Amino acid sequence: MKNIKDYNLDALKEELVSLGEKGFRAEQIFKWLYVDKVKSFDEMTNLSLELRNKLKENYNICDFSIERKLVSKDGTIKYLFGLGDGNAIESVLMQYKYGKSVCVSSQIGCKMGCKFCASTGALFVRSLTSGEIIEQIIKIEQDTGETVSNVVFMGIGEPMDNFENVMNAIGILNNQKGLNIGARHISVSTSGVVPRIKEFADKDVQCTLSISLHSANNKTRSSMMPVNNAYPIEELMAACKYYMDKTNKRISFEYALARDNNDNLKDADELVNLLKTKLGYLNLIHVNLIPINKIENGNYDQSSLENIMKFRDYLNDHGITATIRRELGSDISAACGQLRRQNLK
Ligand code: SF4
């Protein structure tokens with residue numbers, strides 16, 4: 001049976017018309033799903049009994065189970081959600097001064113094989129549907145009673161490898177009659193799937209784009225991220241330039257520092273040169289420095305804070321805005337690169 005949360009508003013209108021109903025019912029259903037967050041069609045009391053029965057015959061309402069919930073000392077909450085088919089995914093709620101932010105997963109497992117990431121240890125199973133992406137936010141709002149103001153696609157999976165569903169989910173998140181989260185408060189992160197970055201630019205959505213860069217030279221980057229063999233840095237930079245030319249929007253570059261791997265000033269200098277020569281647009285570049293998180297059987301150790309600060313200062317002194325990301329939830333393995341697919345069977 002189809003999950004009704006997989007449909008955006010226009011698609012749901014078409015579905016209803018195909019069932020012999022009036023299209024405007026879709027807006028009523030959207031309100032029940034995303035404002036009232038009901039779990040059954042019977043609760044949609046302004047719909048006729050006949051329509052509710054038709055909906056029950058044709059659709060289900062996706063509802064995850066909370067299998068585990070870990071609360072960090074900094075207030076970050078990591079959820080393990082059961083999807084009902086034996087699979088489970090992790091999502092994280094982070095508390096910032098500006099509001100509540102949810103890091104969502106986009107796939108069950110990940111094909112990209114980044115060497116510093118726990119998600120890659122478990123095999124790829126499948127991509128999440130749009131409704132399953134959105135459900136992570138709804139479930140967290142239901143559980144905490146709080147409103148989520150920001151969404152980052154940085155959990156398990158490569159969002160650009162599930163492009164259509166991610167874009168559809170963004171449309172529902174962003175719709176004023178849906179979850180009504182402003183596009184500027186939604187951030188999509190990619191390991192560097194070049195064709196999809198260009199497609200993302202062509203769609204001209206107002207979301208923020210983040211690129212996991214982690215090194216400015218192909219040898220080191222390929223050793224950390226196999227995707228670099230398919231789309232080396234030159235192609236990645238060309239796609240970023242295309243995005244900036246087209247949208248005039250900022251790109252955030254993620255750079256996880258691992259000791260003696262990519263964290264010395266020679267690496268910082270390479271990064272400055274790369275961004276300046278290949279992109280220009282210094283006002284549209286931001287580098288997020290992340291102390292790499294050690295994972296089980298992982299090869300990388302975290303850089304010292306001193307090194308990270310020197311790296312940041314070097315970038316800032318050479319005209320590249322860089323900040324060190326405050327790590328949330330590392331005591332519960334909820335920090336960047338620490339989420340993993342789980343199996344409930
Ligand atoms: S860092 Fe992202 S793209 Fe790379 S393996 Fe992990 S989840 Fe996949």
# chains A, B, ... in the order shown; residues from 1 in each chain; ligands from 1
$ residues_near_ligand --ligand "ligand 1" --cutoff "7 Å" --atoms "only C-alpha atoms and all ligand atoms" --output "JSON, numbers by chain"
{"A": [110, 111, 112, 113, 114, 117, 118, 119, 120, 154, 155, 156, 157, 158, 190, 191, 337]}
$ select_by_dssp --residues "segment 131-244 of chain A" --states "helix (DSSP H, G or I)" --output "PyMOL selection string"
chain A and resi 131-144+159-174+183-185+194-203+218-224+227-230+233-244
$ atom_distance --atom1 "atom CA of Asp204 of chain A" --atom2 "atom CA of Asp161 of chain A"
18.4 Å
$ atom_distance --atom1 "atom CA of Glu306 of chain A" --atom2 "atom CA of Lys278 of chain A"
28.7 Å
$ residues_around --residues "Asn307 of chain A" --least-positions-apart "4" --cutoff "7 Å" --atoms "only C-alpha atoms" --output "PyMOL selection string"
chain A and resi 263+303+311
$ write_last_selection --atoms "N, CA and C atoms" --output "mmCIF file, in the first residue's frame"
data_model
loop_
_atom_site.group_PDB
_atom_site.id
_atom_site.type_symbol
_atom_site.label_atom_id
_atom_site.label_comp_id
_atom_site.auth_asym_id
_atom_site.auth_seq_id
_atom_site.Cartn_x
_atom_site.Cartn_y
_atom_site.Cartn_z
ATOM 1 N N ASP A 263 45.598 17.849 8.122
ATOM 2 C CA ASP A 263 45.411 18.920 9.111
ATOM 3 C C ASP A 263 46.621 19.834 9.279
ATOM 4 N N SER A 303 42.313 15.530 15.100
ATOM 5 C CA SER A 303 43.389 16.524 15.236
ATOM 6 C C SER A 303 43.287 17.201 16.596
ATOM 7 N N PHE A 311 44.697 25.909 11.707
ATOM 8 C CA PHE A 311 44.137 25.697 10.369
ATOM 9 C C PHE A 311 43.081 26.773 10.077
#
$ residues_around --residues "Asp36 of chain A" --least-positions-apart "4" --cutoff "12 Å" --atoms "only C-alpha atoms" --output "PyMOL selection string"
chain A and resi 28-32+40-41+43-45+138+141-142+145+177-179
$ select_by_dssp --residues "segment 132-328 of chain A" --states "strand (DSSP E)" --output "JSON, numbers by chain"
{"A": [150, 151, 152, 153, 186, 187, 188, 189, 190, 208, 209, 210, 211, 212, 251, 252, 253, 254, 255, 256, 257, 285, 286, 287, 288, 289, 290, 291, 321, 322, 323, 324]}
$ closest_residue --among "A:Lys100, A:Lys198, A:Lys69, A:His286" --to "Ala322 of chain A" --atoms "only C-alpha atoms"
A:His286
$ residues_around --residues "segment 217-223 of chain A" --least-positions-apart "3" --cutoff "12 Å" --atoms "only C-alpha atoms" --output "number ranges by chain"
A: 112-116, 191-192, 212-214, 226-237, 255-258, 260-263, 266-275, 299-300
$ residues_around --residues "Pro159 of chain A" --least-positions-apart "2" --cutoff "8 Å" --atoms "only C-alpha atoms" --output "list in words"
Ser106, Gln107, Phe153, Gly157, Asp161, Asn162, Phe163, Val166, Val188, Ser189 and Thr190 of chain A
$ write_last_selection --atoms "C-alpha atoms" --output "PDB file, in the first residue's frame"
ATOM      1  CA  SER A 106      18.076   9.780   3.328  1.00  0.00           C
ATOM      2  CA  GLN A 107      18.973   6.115   2.758  1.00  0.00           C
ATOM      3  CA  PHE A 153      20.421  16.159   5.157  1.00  0.00           C
ATOM      4  CA  GLY A 157      23.035   8.084   3.075  1.00  0.00           C
ATOM      5  CA  ASP A 161      21.947   9.407  -4.652  1.00  0.00           C
ATOM      6  CA  ASN A 162      18.244   9.619  -3.747  1.00  0.00           C
ATOM      7  CA  PHE A 163      17.705  12.867  -5.581  1.00  0.00           C
ATOM      8  CA  VAL A 166      14.938  14.145  -1.398  1.00  0.00           C
ATOM      9  CA  VAL A 188      21.574  19.374   1.669  1.00  0.00           C
ATOM     10  CA  SER A 189      25.000  17.834   1.997  1.00  0.00           C
ATOM     11  CA  THR A 190      26.794  15.783  -0.630  1.00  0.00           C
TER      12      THR A 190
END
$ closest_residue --among "A:Leu128, A:Val104, A:Leu279, A:Ala169" --to "Tyr242 of chain A" --atoms "only C-alpha atoms"
A:Leu279
$ residues_around --residues "Gly319 of chain A" --least-positions-apart "4" --cutoff "9 Å" --atoms "only C-alpha atoms" --output "PyMOL selection string"
chain A and resi 272+276+282+314-315
$ closest_residue --among "A:Asn3, A:Ser72, A:Asn8, A:Ser48" --to "Leu173 of chain A" --atoms "only C-alpha atoms"
A:Asn8
$ decode --residues "segment 123-160 of chain A" --atoms "N, CA and C atoms" --output "compact mmCIF listing (two decimals), in the first residue's frame"
# COMPACT_ATOMS: atom_id res chain seq x y z
N LEU A 123 25.95 -2.51 4.98
CA LEU A 123 25.67 -2.48 3.55
C LEU A 123 24.47 -1.59 3.22
N PHE A 124 24.47 -1.12 1.99
CA PHE A 124 23.35 -0.33 1.51
C PHE A 124 22.14 -1.24 1.32
N VAL A 125 21.00 -0.80 1.79
CA VAL A 125 19.77 -1.60 1.61
C VAL A 125 18.85 -0.95 0.57
N ARG A 126 18.45 0.29 0.84
CA ARG A 126 17.59 0.99 -0.12
C ARG A 126 17.53 2.46 0.23
N SER A 127 16.98 3.22 -0.69
CA SER A 127 16.75 4.63 -0.42
C SER A 127 15.45 4.80 0.36
N LEU A 128 15.36 5.86 1.13
CA LEU A 128 14.11 6.17 1.81
C LEU A 128 13.16 6.87 0.85
N THR A 129 11.87 6.66 1.05
CA THR A 129 10.89 7.41 0.27
C THR A 129 10.80 8.83 0.85
N SER A 130 10.13 9.71 0.12
CA SER A 130 9.96 11.09 0.63
C SER A 130 9.25 11.07 1.98
N GLY A 131 8.21 10.24 2.07
CA GLY A 131 7.42 10.18 3.30
C GLY A 131 8.27 9.69 4.47
N GLU A 132 9.18 8.76 4.20
CA GLU A 132 10.04 8.25 5.28
C GLU A 132 11.06 9.31 5.72
N ILE A 133 11.46 10.15 4.79
CA ILE A 133 12.38 11.25 5.16
C ILE A 133 11.65 12.23 6.08
N ILE A 134 10.44 12.59 5.66
CA ILE A 134 9.66 13.57 6.43
C ILE A 134 9.23 13.02 7.79
N GLU A 135 8.96 11.73 7.81
CA GLU A 135 8.48 11.11 9.05
C GLU A 135 9.47 11.29 10.20
N GLN A 136 10.76 11.36 9.88
CA GLN A 136 11.77 11.53 10.94
C GLN A 136 11.51 12.84 11.71
N ILE A 137 11.14 13.87 10.97
CA ILE A 137 10.90 15.17 11.61
C ILE A 137 9.57 15.15 12.38
N ILE A 138 8.56 14.57 11.73
CA ILE A 138 7.24 14.52 12.39
C ILE A 138 7.33 13.75 13.71
N LYS A 139 8.02 12.62 13.65
CA LYS A 139 8.11 11.76 14.85
C LYS A 139 8.83 12.50 15.98
N ILE A 140 9.88 13.22 15.63
CA ILE A 140 10.64 13.97 16.64
C ILE A 140 9.77 15.10 17.21
N GLU A 141 9.01 15.76 16.35
CA GLU A 141 8.12 16.82 16.86
C GLU A 141 7.05 16.23 17.78
N GLN A 142 6.52 15.07 17.39
CA GLN A 142 5.50 14.42 18.25
C GLN A 142 6.11 14.02 19.58
N ASP A 143 7.33 13.49 19.53
CA ASP A 143 7.95 12.98 20.76
C ASP A 143 8.33 14.10 21.72
N THR A 144 8.84 15.20 21.17
CA THR A 144 9.35 16.26 22.06
C THR A 144 8.32 17.36 22.31
N GLY A 145 7.30 17.42 21.45
CA GLY A 145 6.33 18.51 21.55
C GLY A 145 6.90 19.83 21.08
N GLU A 146 8.07 19.80 20.45
CA GLU A 146 8.73 21.03 20.00
C GLU A 146 8.63 21.15 18.49
N THR A 147 8.75 22.38 17.99
CA THR A 147 8.71 22.59 16.55
C THR A 147 10.13 22.62 16.00
N VAL A 148 10.36 21.87 14.94
CA VAL A 148 11.67 21.83 14.30
C VAL A 148 11.76 23.00 13.31
N SER A 149 12.84 23.78 13.42
CA SER A 149 12.96 24.94 12.54
C SER A 149 13.98 24.73 11.42
N ASN A 150 14.86 23.76 11.58
CA ASN A 150 15.91 23.55 10.58
C ASN A 150 16.08 22.06 10.29
N VAL A 151 16.39 21.75 9.05
CA VAL A 151 16.62 20.35 8.67
C VAL A 151 17.92 20.26 7.90
N VAL A 152 18.78 19.32 8.28
CA VAL A 152 20.00 19.10 7.51
C VAL A 152 20.02 17.66 7.02
N PHE A 153 20.31 17.50 5.74
CA PHE A 153 20.42 16.16 5.16
C PHE A 153 21.87 15.71 5.31
N MET A 154 22.21 15.29 6.53
CA MET A 154 23.59 14.88 6.81
C MET A 154 23.63 13.58 7.60
N GLY A 155 22.50 12.87 7.65
CA GLY A 155 22.47 11.60 8.37
C GLY A 155 22.97 10.47 7.48
N ILE A 156 22.39 9.30 7.65
CA ILE A 156 22.84 8.14 6.87
C ILE A 156 22.42 8.31 5.41
N GLY A 157 23.36 8.06 4.50
CA GLY A 157 23.03 8.08 3.08
C GLY A 157 23.57 9.30 2.35
N GLU A 158 23.62 9.19 1.04
CA GLU A 158 24.03 10.30 0.18
C GLU A 158 22.76 10.87 -0.45
N PRO A 159 22.34 12.07 -0.01
CA PRO A 159 21.06 12.61 -0.50
C PRO A 159 21.00 12.71 -2.03
N MET A 160 22.13 13.00 -2.65
CA MET A 160 22.12 13.18 -4.11
C MET A 160 22.01 11.83 -4.83
